[in-house]
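Data file: work39.cif. Format and content: mmCIF, C-alpha atoms and all ligand atoms.
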data_model
#
loop_
_atom_site.label_atom_id
_atom_site.label_comp_id
_atom_site.auth_asym_id
_atom_site.auth_seq_id
_atom_site.Cartn_x
_atom_site.Cartn_y
_atom_site.Cartn_z
CA MET A 1 182.42 64.30 70.99
CA GLU A 2 186.09 63.42 71.18
CA TYR A 3 188.79 65.54 72.82
CA ARG A 4 192.54 65.29 72.41
CA PRO A 5 194.32 65.34 75.78
CA LYS A 6 197.34 67.57 76.19
CA ILE A 7 200.35 65.24 75.96
CA THR A 8 203.72 66.03 77.54
CA VAL A 9 206.66 63.67 77.04
CA LEU A 10 209.67 63.95 79.34
CA PRO A 11 213.00 62.42 78.33
CA THR A 12 214.07 61.00 81.69
CA GLU A 13 212.51 59.61 84.83
CA ALA A 14 213.90 62.49 86.89
CA GLU A 15 212.35 65.07 84.56
CA PHE A 16 209.08 63.13 84.58
CA ASP A 17 208.97 63.19 88.39
CA ARG A 18 209.83 66.90 88.52
CA TYR A 19 207.19 67.80 85.93
CA ALA A 20 204.50 65.72 87.65
CA ALA A 21 205.34 67.18 91.06
CA ARG A 22 205.35 70.70 89.61
CA LYS A 23 201.80 70.19 88.32
CA VAL A 24 200.58 69.38 91.83
CA VAL A 25 202.69 72.10 93.49
CA GLU A 26 201.29 74.74 91.12
CA ALA A 27 197.75 73.44 91.67
CA ILE A 28 198.14 73.71 95.46
CA LYS A 29 199.68 77.20 95.15
CA SER A 30 196.77 78.40 93.06
CA ASN A 31 194.23 76.81 95.44
CA PRO A 32 195.60 75.97 98.92
CA LYS A 33 192.24 74.31 99.73
CA ILE A 34 192.39 72.04 96.70
CA HIS A 35 190.66 68.65 96.71
CA LEU A 36 192.87 66.01 95.12
CA THR A 37 192.37 62.42 94.07
CA MET A 38 195.71 60.62 94.21
CA PRO A 39 197.06 57.24 93.04
CA THR A 40 199.50 54.77 94.56
CA GLY A 41 202.01 52.53 92.75
CA LYS A 42 205.56 52.76 91.45
CA THR A 43 204.91 55.61 89.01
CA PRO A 44 204.16 58.41 91.52
CA GLU A 45 206.85 57.54 94.10
CA GLY A 46 209.29 60.14 92.75
CA MET A 47 206.53 62.73 92.53
CA TYR A 48 205.55 62.12 96.16
CA ALA A 49 209.16 62.50 97.31
CA LEU A 50 209.33 65.89 95.57
CA LEU A 51 205.97 66.97 97.02
CA ALA A 52 207.23 66.09 100.50
CA ASP A 53 210.38 68.15 99.78
CA ALA A 54 208.30 71.12 98.60
CA CYS A 55 206.33 70.97 101.85
CA ARG A 56 209.47 70.62 103.98
CA MET A 57 210.99 73.66 102.22
CA GLN A 58 207.69 75.50 102.93
CA GLU A 59 207.07 76.12 99.25
CA ILE A 60 203.60 74.62 99.77
CA SER A 61 201.46 73.54 102.68
CA PHE A 62 199.01 70.64 102.78
CA GLY A 63 197.34 72.31 105.79
CA GLU A 64 194.07 72.91 103.95
CA VAL A 65 194.48 70.30 101.20
CA VAL A 66 192.06 67.36 101.01
CA ILE A 67 193.20 64.05 99.49
CA CYS A 68 190.93 61.20 98.43
CA ASN A 69 192.78 58.11 97.29
CA LEU A 70 191.66 56.23 94.21
CA ASP A 71 191.54 52.76 95.67
CA GLU A 72 192.49 50.22 98.32
CA TYR A 73 192.83 46.45 98.34
CA TRP A 74 190.03 44.55 100.06
CA PRO A 75 190.19 42.78 102.39
CA ILE A 76 193.41 44.11 103.88
CA ASN A 77 194.42 45.47 107.28
CA PRO A 78 195.05 49.21 106.70
CA GLU A 79 198.11 48.88 108.98
CA ALA A 80 199.62 46.04 106.86
CA PRO A 81 202.72 47.10 104.92
CA ASP A 82 201.10 46.23 101.58
CA SER A 83 197.93 48.30 102.05
CA TYR A 84 197.59 51.46 100.01
CA ALA A 85 196.90 53.25 103.29
CA SER A 86 200.42 52.30 104.42
CA TYR A 87 201.84 53.29 101.03
CA MET A 88 200.30 56.74 101.35
CA LYS A 89 201.49 57.19 104.92
CA ASP A 90 205.04 56.15 103.97
CA ASN A 91 205.25 58.19 100.76
CA LEU A 92 203.35 61.36 101.64
CA ILE A 93 201.00 61.59 104.60
CA SER A 94 203.66 61.16 107.31
CA LYS A 95 205.92 63.70 105.56
CA VAL A 96 203.54 66.61 105.06
CA ASP A 97 201.34 68.81 107.23
CA ILE A 98 198.00 67.41 106.05
CA LYS A 99 195.29 67.32 108.74
CA PRO A 100 194.41 63.72 109.65
CA GLY A 101 190.73 64.28 108.85
CA ASN A 102 191.58 65.62 105.39
CA TRP A 103 193.00 62.37 104.00
CA HIS A 104 190.53 59.72 102.84
CA ILE A 105 190.99 56.19 101.51
CA PRO A 106 188.53 53.29 101.31
CA ARG A 107 188.77 51.10 104.42
CA GLY A 108 190.43 47.82 103.51
CA ASP A 109 189.05 46.26 106.71
CA ALA A 110 185.44 47.34 106.14
CA PRO A 111 183.17 44.38 106.96
CA ASP A 112 180.80 45.25 104.11
CA PRO A 113 182.86 46.42 101.09
CA GLN A 114 179.86 47.46 99.02
CA GLU A 115 178.55 49.67 101.83
CA GLU A 116 182.05 51.10 102.27
CA ALA A 117 182.27 51.75 98.51
CA GLU A 118 178.93 53.54 98.45
CA SER A 119 179.76 55.80 101.38
CA TYR A 120 183.20 56.53 99.88
CA ASP A 121 181.56 57.42 96.57
CA GLU A 122 179.20 59.81 98.34
CA LEU A 123 182.11 61.41 100.19
CA VAL A 124 184.13 61.95 97.00
CA SER A 125 181.12 63.37 95.16
CA GLU A 126 180.16 65.65 98.04
CA LEU A 127 183.71 66.96 98.49
CA GLY A 128 184.10 67.52 94.73
CA ILE A 129 187.53 66.87 93.25
CA ASP A 130 189.48 69.72 91.66
CA LEU A 131 192.33 67.60 90.31
CA ALA A 132 192.58 63.82 89.94
CA VAL A 133 196.05 62.37 89.39
CA LEU A 134 195.92 58.86 87.92
CA GLY A 135 198.30 56.05 86.99
CA LEU A 136 197.82 53.60 84.11
CA GLY A 137 197.55 49.82 84.48
CA PRO A 138 200.15 47.44 83.03
CA GLY A 139 200.07 45.91 79.54
CA LEU A 140 196.73 46.25 77.83
CA THR A 141 194.72 46.37 81.04
CA CYS A 142 194.47 50.12 80.38
CA HIS A 143 193.00 50.49 83.84
CA ILE A 144 192.66 53.69 85.85
CA GLY A 145 191.96 53.16 89.51
CA PHE A 146 191.17 49.45 89.35
CA ASN A 147 188.61 49.84 86.60
CA GLU A 148 189.69 46.90 84.48
CA VAL A 149 188.76 45.93 80.89
CA GLY A 150 184.98 45.89 80.47
CA ALA A 151 184.19 48.48 83.17
CA SER A 152 181.44 50.73 81.90
CA PHE A 153 182.17 54.41 81.68
CA ASP A 154 179.50 55.33 84.24
CA THR A 155 180.65 53.00 87.05
CA ARG A 156 180.72 54.29 90.64
CA THR A 157 182.98 53.32 93.54
CA ARG A 158 182.61 49.55 94.08
CA LEU A 159 184.29 46.28 94.91
CA VAL A 160 186.11 44.86 91.86
CA ARG A 161 188.29 41.87 90.99
CA LEU A 162 191.74 42.67 89.64
CA ASP A 163 192.56 41.62 86.08
CA PRO A 164 194.95 38.61 86.11
CA VAL A 165 197.66 40.80 84.49
CA THR A 166 197.25 43.46 87.19
CA ALA A 167 197.32 40.79 89.89
CA GLU A 168 200.52 39.25 88.53
CA VAL A 169 202.32 42.60 88.35
CA ASN A 170 201.08 43.94 91.70
CA LYS A 171 201.83 40.71 93.55
CA ARG A 172 205.52 41.25 92.71
CA HIS A 173 205.44 44.43 94.83
CA PHE A 174 203.80 42.74 97.83
CA VAL A 175 206.05 42.26 100.85
CA ASN A 176 203.75 39.51 102.19
CA LYS A 177 203.19 37.63 98.92
CA GLY A 178 201.16 34.96 100.73
CA SER A 179 198.57 37.54 101.74
CA PHE A 180 198.10 39.07 98.27
CA VAL A 181 194.45 39.87 97.61
CA THR A 182 192.81 40.04 94.19
CA SER A 183 189.95 42.39 95.04
CA ALA A 184 189.86 46.11 95.66
CA ILE A 185 187.52 49.00 96.31
CA THR A 186 188.04 51.55 93.54
CA GLN A 187 186.58 54.87 92.53
CA GLY A 188 184.51 54.15 89.42
CA LEU A 189 185.11 55.68 86.00
CA GLY A 190 182.03 57.87 86.46
CA THR A 191 183.33 58.98 89.87
CA ILE A 192 186.79 59.81 88.49
CA MET A 193 185.30 61.70 85.55
CA GLU A 194 183.58 64.16 87.92
CA ALA A 195 186.99 65.69 88.74
CA ARG A 196 187.42 69.16 87.23
CA LYS A 197 190.88 68.36 85.86
CA ILE A 198 192.65 65.04 85.33
CA VAL A 199 196.36 64.29 84.98
CA LEU A 200 197.34 60.77 83.88
CA LEU A 201 200.88 59.57 84.60
CA ALA A 202 202.53 56.71 82.67
CA LYS A 203 206.17 55.81 82.96
CA GLY A 204 208.26 53.01 81.45
CA LEU A 205 208.10 50.50 78.58
CA ALA A 206 205.49 48.36 80.35
CA LYS A 207 203.01 51.17 79.69
CA ALA A 208 203.86 51.76 76.00
CA ASN A 209 201.22 49.44 74.50
CA GLY A 210 198.54 50.73 76.86
CA VAL A 211 199.39 54.36 76.04
CA GLY A 212 199.24 53.55 72.31
CA ARG A 213 195.86 51.82 72.72
CA PHE A 214 194.57 54.72 74.83
CA LEU A 215 195.53 57.53 72.48
CA LEU A 216 195.35 55.86 69.05
CA GLY A 217 192.72 53.11 69.45
CA PRO A 218 188.95 53.28 69.69
CA ILE A 219 187.14 54.78 72.67
CA ASP A 220 185.44 51.80 74.27
CA GLU A 221 185.16 49.68 77.38
CA ASP A 222 187.97 47.36 76.22
CA CYS A 223 190.19 50.30 77.15
CA PRO A 224 188.87 51.90 80.37
CA VAL A 225 191.33 54.82 80.23
CA SER A 226 189.90 55.81 76.81
CA VAL A 227 187.01 57.39 78.74
CA LEU A 228 189.40 60.31 79.28
CA ARG A 229 189.16 61.12 75.56
CA THR A 230 185.48 61.98 76.03
CA ARG A 231 186.17 65.10 78.09
CA GLU A 232 188.22 68.28 78.33
CA TYR A 233 190.92 69.24 80.83
CA VAL A 234 192.96 66.05 80.64
CA GLU A 235 196.75 66.09 80.56
CA VAL A 236 198.83 62.98 79.90
CA ILE A 237 202.38 62.97 81.25
CA LEU A 238 204.68 60.33 79.75
CA ASP A 239 208.33 59.45 79.76
CA SER A 240 209.88 58.61 76.40
CA GLU A 241 209.53 54.85 76.98
CA ALA A 242 205.83 55.07 77.72
CA ALA A 243 205.43 57.29 74.62
CA SER A 244 207.42 54.96 72.36
CA LYS A 245 204.40 53.49 70.51
CA LEU A 246 202.92 56.87 69.61
CA ASN A 247 205.01 57.55 66.48
C1 LIG B 1 196.78 52.66 92.22
C2 LIG B 1 195.97 52.68 90.99
C3 LIG B 1 196.44 51.96 89.77
C4 LIG B 1 197.91 52.30 89.44
C5 LIG B 1 198.37 51.56 88.19
C6 LIG B 1 199.81 51.84 87.85
O1 LIG B 1 196.21 53.47 93.21
O2 LIG B 1 194.90 53.22 90.99
O3 LIG B 1 195.62 52.31 88.69
O4 LIG B 1 198.02 53.68 89.25
O5 LIG B 1 198.18 50.18 88.36
O6 LIG B 1 200.64 51.34 88.85
P1 LIG B 1 202.21 51.55 88.79
O7 LIG B 1 202.45 52.99 88.97
O8 LIG B 1 202.75 50.73 89.94
O9 LIG B 1 202.65 51.06 87.45
#
Encoded form (structure tokens):
Amino acid sequence: MEYRPKITVLPTEAEFDRYAARKVVEAIKSNPKIHLTMPTGKTPEGMYALLADACRMQEISFGEVVICNLDEYWPINPEAPDSYASYMKDNLISKVDIKPGNWHIPRGDAPDPQEEAESYDELVSELGIDLAVLGLGPGLTCHIGFNEVGASFDTRTRLVRLDPVTAEVNKRHFVNKGSFVTSAITQGLGTIMEARKIVLLAKGLAKANGVGRFLLGPIDEDCPVSVLRTREYVEVILDSEAASKLN
């Protein structure tokens, strides 16, 4: 069975960020105890800034919200500036009223990454995710989380190697380029698919081919994000550059 995701295209980056943030704000308003899966990366930075604003203006509270991040590099010191734990603290966690015990992310310094992955997977499954917000990998990696080309649709949280294209792009964002790592612990495709609703964000020309492959190509493991076309309650939010290969 194939489903067509709801697709929303926003003309500018500012409108994209506002629309994406509004989705999360409305979700929190309708369920203040919502369980969220959240991504890192360039794409959601504007959304996080607006979510922090909404909390500061007391439009929403994260007081009862639970956040499970999608992934974390491994091995990495969670306190290092390039860890996704630091990214989350800088972009959201330090700016909102979330309870410390309500934010979860795989431990980049776990001595046994597979054990860490398994216990993280259990945690995410036990909590149950109401809304998963995802980003899309660069080029034709078509990854979600760090589920790269070839990942089977039923994968669970595990240690993975980054695709060379992902590694090249992500290394550019590393402050300490010499300490760039090419492995990560990521929620699996099967784990992500357990979320009740999913919103995928893709912004910029670098995502155009991947978005085209996702929405117009076959559903298969060469395109991990295509798993989202096998279920309901998926919304895809694009800016006009990311949508440019759809017509
Ligand atoms: C990050 C993650 C990745 C990113 C994707 C897009 O937590 O899971 O799938 O969402 O690589 O990254 P940006 O937004 O930097 O293009």
Protein and nucleic acid residues within 8 Å of ligand LIG 1 (chain B) (all atoms listed in the file) as JSON, numbers by chain: {"A": [38, 39, 40, 41, 42, 43, 44, 69, 70, 71, 72, 84, 134, 135, 136, 137, 138, 143, 144, 145, 146, 147, 166, 170, 186, 202, 203, 207]}
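Picture a line from atom CA of A:Ala85 to atom CA of A:Ile185; it runs 12.4 Å.
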Nearest candidate to A:Lys6 (options A:Ile60, A:Ala184, A:Ala54, A:Leu200; using all atoms listed in the file):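 Among A:Ile60, A:Ala184, A:Ala54, A:Leu200, it is A:Leu200 that comes nearest to A:Lys6.
With all atoms listed in the file as the basis for measurement, A:Pro75 is the residue among A:Pro11, A:Gly212, A:Gly63, A:Pro75 that approaches A:Val160 most closely.
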Distance in Å - atom CA of A:Ser83 versus atom CA of A:Ser183: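 One can read the atom CA of A:Ser83 to atom CA of A:Ser183 distance as 12.2 Å.
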Take the structure in the block and write a file for stretch 43-99 of chain A, C-alpha atoms, as a PDB file, in the first residue's frame.
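Once everything was written out, this is selection-v3.pdb:
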ATOM      1  CA  THR A  43      17.671  22.849   8.477  1.00  0.00           C
ATOM      2  CA  PRO A  44      15.925  23.113  11.876  1.00  0.00           C
ATOM      3  CA  GLU A  45      18.043  25.944  13.340  1.00  0.00           C
ATOM      4  CA  GLY A  46      15.477  28.617  12.432  1.00  0.00           C
ATOM      5  CA  MET A  47      12.648  26.445  13.733  1.00  0.00           C
ATOM      6  CA  TYR A  48      14.435  25.962  17.062  1.00  0.00           C
ATOM      7  CA  ALA A  49      14.983  29.715  17.424  1.00  0.00           C
ATOM      8  CA  LEU A  50      11.249  30.289  16.943  1.00  0.00           C
ATOM      9  CA  LEU A  51      10.347  27.506  19.390  1.00  0.00           C
ATOM     10  CA  ALA A  52      12.614  29.097  21.990  1.00  0.00           C
ATOM     11  CA  ASP A  53      10.875  32.450  21.318  1.00  0.00           C
ATOM     12  CA  ALA A  54       7.435  30.855  21.711  1.00  0.00           C
ATOM     13  CA  CYS A  55       8.517  29.445  25.071  1.00  0.00           C
ATOM     14  CA  ARG A  56      10.046  32.755  26.193  1.00  0.00           C
ATOM     15  CA  MET A  57       6.802  34.558  25.271  1.00  0.00           C
ATOM     16  CA  GLN A  58       4.934  31.867  27.282  1.00  0.00           C
ATOM     17  CA  GLU A  59       2.917  30.796  24.270  1.00  0.00           C
ATOM     18  CA  ILE A  60       4.032  27.221  25.017  1.00  0.00           C
ATOM     19  CA  SER A  61       5.824  25.405  27.799  1.00  0.00           C
ATOM     20  CA  PHE A  62       8.193  22.463  27.456  1.00  0.00           C
ATOM     21  CA  GLY A  63       7.559  21.689  31.153  1.00  0.00           C
ATOM     22  CA  GLU A  64       5.890  18.351  30.402  1.00  0.00           C
ATOM     23  CA  VAL A  65       7.318  17.764  26.918  1.00  0.00           C
ATOM     24  CA  VAL A  66       9.629  14.797  26.303  1.00  0.00           C
ATOM     25  CA  ILE A  67      12.259  14.976  23.540  1.00  0.00           C
ATOM     26  CA  CYS A  68      14.187  12.027  22.115  1.00  0.00           C
ATOM     27  CA  ASN A  69      16.844  12.996  19.616  1.00  0.00           C
ATOM     28  CA  LEU A  70      17.279  11.035  16.418  1.00  0.00           C
ATOM     29  CA  ASP A  71      20.989  10.440  16.612  1.00  0.00           C
ATOM     30  CA  GLU A  72      24.437  11.265  17.963  1.00  0.00           C
ATOM     31  CA  TYR A  73      27.953  10.827  16.623  1.00  0.00           C
ATOM     32  CA  TRP A  74      29.966   8.019  18.186  1.00  0.00           C
ATOM     33  CA  PRO A  75      32.484   8.188  19.687  1.00  0.00           C
ATOM     34  CA  ILE A  76      32.240  11.805  20.776  1.00  0.00           C
ATOM     35  CA  ASN A  77      32.386  13.609  24.113  1.00  0.00           C
ATOM     36  CA  PRO A  78      28.822  14.893  24.698  1.00  0.00           C
ATOM     37  CA  GLU A  79      30.378  18.144  25.982  1.00  0.00           C
ATOM     38  CA  ALA A  80      32.399  18.676  22.750  1.00  0.00           C
ATOM     39  CA  PRO A  81      31.108  21.580  20.633  1.00  0.00           C
ATOM     40  CA  ASP A  82      30.451  19.292  17.651  1.00  0.00           C
ATOM     41  CA  SER A  83      28.307  16.734  19.491  1.00  0.00           C
ATOM     42  CA  TYR A  84      24.606  16.724  18.772  1.00  0.00           C
ATOM     43  CA  ALA A  85      24.087  16.949  22.536  1.00  0.00           C
ATOM     44  CA  SER A  86      25.850  20.342  22.451  1.00  0.00           C
ATOM     45  CA  TYR A  87      23.867  21.362  19.364  1.00  0.00           C
ATOM     46  CA  MET A  88      20.605  20.636  21.168  1.00  0.00           C
ATOM     47  CA  LYS A  89      21.680  22.459  24.317  1.00  0.00           C
ATOM     48  CA  ASP A  90      22.752  25.519  22.301  1.00  0.00           C
ATOM     49  CA  ASN A  91      19.715  25.615  20.009  1.00  0.00           C
ATOM     50  CA  LEU A  92      16.879  24.573  22.303  1.00  0.00           C
ATOM     51  CA  ILE A  93      17.457  22.833  25.621  1.00  0.00           C
ATOM     52  CA  SER A  94      19.205  25.753  27.356  1.00  0.00           C
ATOM     53  CA  LYS A  95      16.528  28.169  26.104  1.00  0.00           C
ATOM     54  CA  VAL A  96      13.350  26.380  27.164  1.00  0.00           C
ATOM     55  CA  ASP A  97      11.841  25.066  30.384  1.00  0.00           C
ATOM     56  CA  ILE A  98      12.247  21.358  29.587  1.00  0.00           C
ATOM     57  CA  LYS A  99      12.969  19.162  32.619  1.00  0.00           C
TER      58      LYS A  99
END
